[in-house]
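Enquirer: Okay, so here is coords31.txt, and as you'll see once you scroll down, it has compact mmCIF, C-alpha atoms.
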# COMPACT_ATOMS: atom_id res chain seq x y z
CA MET G 13 -15.50 -17.33 24.15
CA THR G 14 -12.26 -17.96 25.98
CA THR G 15 -12.49 -17.92 29.78
CA LEU G 16 -9.93 -15.50 31.18
CA PRO G 17 -8.43 -15.12 34.65
CA THR G 18 -9.93 -12.36 36.78
CA THR G 19 -7.25 -12.15 39.46
CA GLY G 20 -5.00 -9.14 39.82
CA SER G 21 -5.60 -5.55 40.84
CA PRO G 22 -5.71 -2.86 38.15
CA ARG G 23 -3.14 -0.14 38.73
CA PRO G 24 -2.92 3.26 37.02
CA THR G 25 -0.94 3.38 33.78
CA ARG G 26 2.49 4.88 34.45
CA THR G 27 4.47 6.79 31.83
CA GLU G 28 8.19 7.15 32.34
CA ILE G 29 11.33 7.86 30.35
CA ARG G 30 14.07 5.21 30.42
CA THR G 31 17.60 5.94 29.21
CA LEU G 32 19.18 2.82 27.70
CA GLY G 33 22.62 3.42 26.23
CA PRO G 34 22.20 5.91 23.35
CA ALA G 35 18.41 5.59 23.38
CA GLU G 36 15.82 7.44 25.40
CA VAL G 37 12.54 5.48 25.45
CA THR G 38 9.18 6.86 26.57
CA LEU G 39 7.39 3.85 28.09
CA GLN G 40 3.76 3.32 29.11
CA ASP G 41 3.52 0.60 31.79
CA ARG G 42 0.20 -1.13 32.42
CA ASP G 43 1.10 -3.43 35.33
CA ARG G 44 -1.10 -6.52 35.67
CA THR G 45 1.78 -8.84 36.71
CA ARG G 46 2.07 -11.18 33.68
CA PRO G 47 4.47 -9.39 31.30
CA PHE G 48 3.74 -8.47 27.69
CA LEU G 49 5.92 -6.15 25.61
CA LEU G 50 3.87 -4.48 22.86
CA LEU G 51 5.70 -2.95 19.90
CA HIS G 52 3.93 -0.50 17.61
CA GLY G 53 4.48 -0.04 13.89
CA GLY G 54 4.90 2.95 11.61
CA GLY G 55 1.54 4.39 12.61
CA GLY G 56 2.97 5.23 16.03
CA VAL G 57 2.15 4.30 19.59
CA ALA G 58 -1.51 5.38 19.20
CA THR G 59 -2.09 2.26 17.06
CA MET G 60 -1.35 0.10 20.13
CA THR G 61 -2.74 2.02 23.12
CA GLY G 62 -6.32 0.73 22.87
CA PHE G 63 -5.18 -2.86 22.47
CA ALA G 64 -2.75 -2.44 25.37
CA ASP G 65 -5.66 -1.40 27.58
CA LEU G 66 -7.78 -4.32 26.35
CA LEU G 67 -5.00 -6.86 26.93
CA ALA G 68 -4.24 -5.51 30.39
CA GLU G 69 -7.87 -5.45 31.52
CA ARG G 70 -8.94 -8.77 30.02
CA THR G 71 -5.92 -10.79 31.20
CA ARG G 72 -4.86 -8.80 34.30
CA SER G 73 -1.35 -8.71 32.89
CA ARG G 74 1.54 -6.28 32.99
CA VAL G 75 1.61 -4.59 29.58
CA LEU G 76 4.61 -2.51 28.55
CA LEU G 77 4.13 -0.19 25.57
CA PRO G 78 7.24 1.76 24.60
CA THR G 79 7.34 4.57 22.07
CA HIS G 80 10.23 3.82 19.74
CA PRO G 81 12.82 6.60 19.87
CA GLY G 82 12.03 9.14 17.16
CA PHE G 83 8.29 8.40 17.10
CA GLY G 84 5.72 10.74 18.58
CA GLY G 85 8.21 13.59 18.71
CA THR G 86 10.53 11.71 21.10
CA PRO G 87 14.30 12.18 20.81
CA LYS G 88 16.55 9.79 18.90
CA ALA G 89 20.29 9.91 18.44
CA GLU G 90 21.23 10.42 14.78
CA SER G 91 23.38 7.29 14.88
CA PHE G 92 20.52 5.15 16.23
CA THR G 93 19.10 3.88 12.93
CA ASP G 94 19.44 0.09 13.14
CA VAL G 95 16.59 -2.33 13.95
CA LYS G 96 19.00 -4.70 15.70
CA ALA G 97 20.21 -1.87 17.94
CA LEU G 98 16.61 -1.08 18.87
CA ALA G 99 16.04 -4.77 19.64
CA ARG G 100 19.07 -4.79 21.93
CA THR G 101 17.68 -1.69 23.65
CA TYR G 102 14.45 -3.49 24.50
CA VAL G 103 16.32 -6.57 25.71
CA ALA G 104 18.22 -4.20 28.01
CA LEU G 105 14.86 -2.82 29.17
CA LEU G 106 13.65 -6.31 30.12
CA GLU G 107 16.89 -6.88 32.00
CA LYS G 108 16.58 -3.57 33.83
CA LEU G 109 12.99 -4.37 34.83
CA ASP G 110 14.02 -7.94 35.81
CA LEU G 111 11.14 -9.51 33.87
CA THR G 112 10.77 -13.19 32.98
CA ASP G 113 8.42 -15.23 30.77
CA VAL G 114 7.79 -12.21 28.55
CA THR G 115 5.58 -12.44 25.47
CA VAL G 116 6.67 -9.92 22.83
CA ILE G 117 3.89 -8.78 20.48
CA GLY G 118 4.64 -6.55 17.50
CA ASN G 119 2.62 -5.16 14.62
CA SER G 120 4.11 -4.23 11.23
CA PHE G 121 7.53 -2.69 11.96
CA GLY G 122 6.95 -3.85 15.53
CA GLY G 123 6.65 -7.41 14.18
CA TRP G 124 10.08 -7.11 12.57
CA LEU G 125 11.37 -5.75 15.86
CA ALA G 126 9.76 -8.65 17.78
CA ALA G 127 11.59 -11.09 15.49
CA GLU G 128 14.90 -9.31 16.11
CA ILE G 129 14.30 -9.39 19.87
CA ALA G 130 13.62 -13.13 19.69
CA LEU G 131 16.82 -13.57 17.69
CA GLN G 132 18.76 -12.01 20.58
CA ARG G 133 18.07 -15.30 22.44
CA CYS G 134 17.15 -13.42 25.59
CA PRO G 135 16.12 -16.00 28.23
CA ARG G 136 13.55 -13.53 29.55
CA VAL G 137 11.48 -13.88 26.34
CA SER G 138 9.38 -17.05 26.10
CA CYS G 139 7.17 -16.32 23.06
CA ALA G 140 6.87 -13.85 20.20
CA VAL G 141 3.81 -12.74 18.25
CA ILE G 142 4.21 -11.15 14.82
CA ILE G 143 1.10 -9.34 13.56
CA ALA G 144 1.39 -8.33 9.89
CA GLY G 145 5.14 -7.97 10.27
CA ILE G 146 7.52 -6.49 7.74
CA GLY G 147 11.27 -6.91 7.32
CA ILE G 148 11.78 -9.96 5.08
CA GLU G 149 12.04 -10.13 1.30
CA VAL G 150 9.52 -12.39 -0.47
CA ASP G 151 9.59 -12.86 -4.25
CA GLY G 152 6.34 -11.69 -5.79
CA HIS G 153 5.10 -10.07 -2.58
CA PRO G 154 6.79 -6.69 -2.19
CA PRO G 155 5.59 -4.45 0.66
CA THR G 156 3.68 -1.39 -0.44
CA ASP G 157 5.77 1.78 -0.46
CA VAL G 158 3.87 3.84 2.12
CA SER G 159 6.03 6.94 1.76
CA GLY G 160 4.13 8.23 -1.27
CA LEU G 161 0.58 7.34 -0.20
CA SER G 162 -2.00 9.96 0.66
CA PRO G 163 -3.80 9.50 4.00
CA ALA G 164 -6.87 8.16 2.16
CA GLU G 165 -4.75 5.68 0.19
CA LEU G 166 -2.95 4.58 3.35
CA ARG G 167 -6.29 3.90 5.06
CA ALA G 168 -7.52 1.91 2.05
CA HIS G 169 -4.37 -0.25 2.08
CA SER G 170 -4.40 -0.73 5.85
CA PHE G 171 -8.05 -1.47 6.67
CA HIS G 172 -10.67 -3.99 5.57
CA ASP G 173 -13.18 -1.21 6.28
CA PRO G 174 -11.43 2.16 5.82
CA GLY G 175 -14.33 3.76 7.68
CA LYS G 176 -12.91 2.26 10.90
CA ALA G 177 -9.60 4.06 10.48
CA PRO G 178 -8.94 6.81 13.00
CA VAL G 179 -8.75 10.25 11.42
CA PRO G 180 -5.41 11.91 12.22
CA PRO G 181 -5.50 15.33 13.88
CA GLY G 182 -6.03 18.03 11.28
CA GLY G 183 -6.93 15.40 8.68
CA GLY G 184 -3.34 14.91 7.50
CA THR G 185 -1.91 16.14 4.22
CA GLY G 186 1.12 13.93 3.71
CA PRO G 187 3.35 11.33 5.35
CA SER G 188 3.20 11.66 9.13
CA PRO G 189 6.32 12.28 11.20
CA ASP G 190 5.97 8.69 12.44
CA VAL G 191 6.22 7.35 8.88
CA ARG G 192 9.39 9.37 8.45
CA ALA G 193 10.68 7.93 11.74
CA LEU G 194 9.86 4.43 10.47
CA LEU G 195 11.86 4.93 7.27
CA GLY G 196 14.76 6.16 9.40
CA TYR G 197 14.98 2.63 10.85
CA THR G 198 13.99 0.52 7.85
CA GLY G 199 15.18 2.47 4.84
CA PRO G 200 12.93 2.83 1.78
CA ALA G 201 12.90 -0.94 1.12
CA MET G 202 11.48 -1.67 4.62
CA ALA G 203 13.37 -4.97 4.61
CA ASP G 204 16.59 -6.70 5.65
CA PRO G 205 17.78 -9.22 3.01
CA THR G 206 19.32 -11.36 5.77
CA LEU G 207 16.29 -11.56 8.06
CA ALA G 208 14.41 -14.49 6.45
CA GLY G 209 17.50 -16.68 6.63
CA ARG G 210 18.22 -15.72 10.23
CA LEU G 211 14.66 -16.57 11.34
CA GLY G 212 15.52 -20.25 10.99
CA ALA G 213 17.58 -19.96 14.18
CA LEU G 214 14.56 -19.11 16.35
CA ASP G 215 13.91 -21.76 19.00
CA ILE G 216 10.87 -20.29 20.81
CA PRO G 217 7.20 -20.44 19.75
CA VAL G 218 6.29 -17.66 17.34
CA HIS G 219 2.71 -16.89 16.38
CA VAL G 220 2.25 -15.14 13.04
CA LEU G 221 -1.15 -13.48 12.53
CA TRP G 222 -2.29 -11.72 9.37
CA GLY G 223 -5.33 -9.79 8.21
CA GLU G 224 -6.92 -11.27 5.12
CA SER G 225 -7.43 -7.75 3.69
CA ASP G 226 -3.91 -6.47 4.34
CA ARG G 227 -2.66 -4.53 1.29
CA ILE G 228 0.52 -3.23 2.94
CA VAL G 229 1.98 -6.76 3.11
CA ASP G 230 -0.38 -9.39 1.74
CA PRO G 231 -1.22 -12.78 3.31
CA GLY G 232 1.17 -14.58 0.94
CA TYR G 233 3.97 -12.55 2.48
CA GLY G 234 2.69 -13.55 5.91
CA LYS G 235 2.75 -17.25 5.06
CA ALA G 236 6.34 -16.90 3.87
CA TYR G 237 7.19 -15.17 7.15
CA ALA G 238 5.78 -18.07 9.15
CA ALA G 239 7.39 -20.68 6.90
CA ALA G 240 10.82 -19.21 7.69
CA ILE G 241 10.35 -19.84 11.44
CA PRO G 242 10.68 -23.42 12.76
CA LEU G 243 8.21 -23.21 15.70
CA SER G 244 5.60 -21.06 14.03
CA THR G 245 1.82 -20.99 13.90
CA PHE G 246 0.09 -19.01 11.14
CA THR G 247 -3.40 -17.59 11.60
CA LEU G 248 -5.34 -15.64 8.97
CA LEU G 249 -7.75 -13.16 10.56
CA PRO G 250 -10.99 -12.48 8.64
CA ARG G 251 -12.45 -9.03 7.95
CA THR G 252 -9.37 -7.11 9.01
CA GLY G 253 -6.34 -5.50 7.42
CA HIS G 254 -2.84 -4.41 8.44
CA LEU G 255 -3.86 -3.15 11.90
CA PRO G 256 -6.04 -5.85 13.52
CA GLN G 257 -5.39 -4.38 16.96
CA VAL G 258 -7.16 -1.20 15.79
CA GLU G 259 -9.82 -2.61 13.44
CA THR G 260 -10.80 -5.86 15.21
CA PRO G 261 -9.11 -5.83 18.65
CA GLU G 262 -11.49 -8.26 20.36
CA GLU G 263 -11.10 -10.80 17.56
CA LEU G 264 -7.32 -10.40 17.65
CA LEU G 265 -7.19 -10.96 21.40
CA ASP G 266 -9.42 -14.04 21.16
CA ALA G 267 -7.14 -15.44 18.44
CA LEU G 268 -4.07 -14.85 20.59
CA LEU G 269 -5.60 -16.53 23.61
CA GLU G 270 -6.88 -19.50 21.62
CA LEU G 271 -3.55 -20.18 19.93
CA GLY G 272 -2.22 -21.98 22.99
CA ASP G 273 -4.98 -24.58 22.67
CA ARG G 274 -4.32 -25.39 19.01
CA PRO G 275 -1.94 -27.96 17.58
CA ARG G 276 0.97 -26.28 15.83
CA GLU G 277 0.34 -25.68 12.14
CA THR G 278 2.89 -25.73 9.37
CA PRO G 279 2.29 -22.91 6.85
CA ALA G 280 1.59 -24.12 3.33
Do you think you could lay out the structure here as structure tokens?
Expert:
Amino acid sequence: MTTLPTTGSPRPTRTEIRTLGPAEVTLQDRDRTRPFLLLHGGGGVATMTGFADLLAERTRSRVLLPTHPGFGGTPKAESFTDVKALARTYVALLEKLDLTDVTVIGNSFGGWLAAEIALQRCPRVSCAVIIAGIGIEVDGHPPTDVSGLSPAELRAHSFHDPGKAPVPPGGGTGPSPDVRALLGYTGPAMADPTLAGRLGALDIPVHVLWGESDRIVDPGYGKAYAAAIPLSTFTLLPRTGHLPQVETPEELLDALLELGDRPRETPA
């Protein structure tokens, strides 16, 4: 087990609304000094809140968890539909908060967003972590179209053990509003044909982690993601699916903390 620092004083989680150009972002701020920016995927901010608490408490770090505009019933300008624009919004947030040495961690759509933030070459960002990210095109490994899946099918594709999946309020009868918000940013293909080529310009360490049982974007897709990034490390997480931070949060955190002690691996 990794030994973690115990310094720092826990402070209450603050929730505030930040206006950044055309975007209004609802932001949860868990301040433990060392900065992490956590970016949720199409399942909404609830898929990251538990892991944000775990990361903040275990590492005594400052953990920022924004709700992407349009998710969770938050407002979003009709013209604000571009992933790059959302990335620029979060870079502006880091500037406004005057943060340095920020680690950006994103899951699924949040992983794509983390890559776009890293591509902004913001000097305030020192490392990016992509957990089961989407956004690139990989021959033979198309992402699953989530728009037509029933809640039960979505759980089966997203979890190694679907019994660990949280049950949405009311049980759910179709695509959630957050899935519709996701498609508003990504389009039905959930990919940018230019992204894989642009990833070659990244010059900061990027950790790519993938669940071995992910059926939204399979591990072969994850290896291609890592292979496109020069300073990448690829880690396959056992007994977990598309949402490791929900299904196996302790194991995910241990993997993140241990990555700094490993030699860099080149994906096969």
Enquirer: Just checking: using only C-alpha atoms, which residue out of G:Gln40, G:Ser159, G:Thr101, G:Ser138 ends up closest to Ile117 of chain G?
Expert: G:Ser138
Enquirer: Go through segment 51-101 of chain G residue by residue and, counting all atoms listed in the file, keep those with an atom at most 8 Å from segment 192-210 of chain G; for each kept residue give the shortest atom pair and its distance in Å to one decimal, ordered by chain and increasing number, as a Markdown table.
Expert:
| residue | atom | partner | partner_atom | distance |
| --- | --- | --- | --- | --- |
| G:Gly53 | CA | G:Leu194 | CA | 7.8 |
| G:Gly54 | CA | G:Leu194 | CA | 5.3 |
| G:Gly82 | CA | G:Ala193 | CA | 5.7 |
| G:Phe83 | CA | G:Ala193 | CA | 5.9 |
| G:Thr93 | CA | G:Tyr197 | CA | 4.8 |
| G:Asp94 | CA | G:Tyr197 | CA | 5.6 |
| G:Val95 | CA | G:Tyr197 | CA | 6.1 |
Enquirer: How many Å lie between atom CA of Leu77 of chain G and atom CA of Lys235 of chain G, rounded to one decimal?
Expert: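 A separation of 26.7 Å between them.
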Enquirer: Calculated over all atoms listed in the file, which of the candidates G:Pro174, G:Ala240, G:Asp65, G:Val114 has the smallest distance to Ile148 of chain G?
Expert: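 Among the listed residues, the smallest separation from Ile148 of chain G belongs to G:Ala240.
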Enquirer: Would you kindly return, as a PyMOL selection string, each protein, DNA or RNA residue with an atom no farther than 8 Å from any atom of segment 119-136 of chain G, considering all atoms listed in the file and excluding same-chain residues fewer than 2 positions away?
Expert: chain G and resi 50-54+95-96+98-100+102-103+106-107+111-114+116-117+138-147+194+210-211+213-214+216+254-255
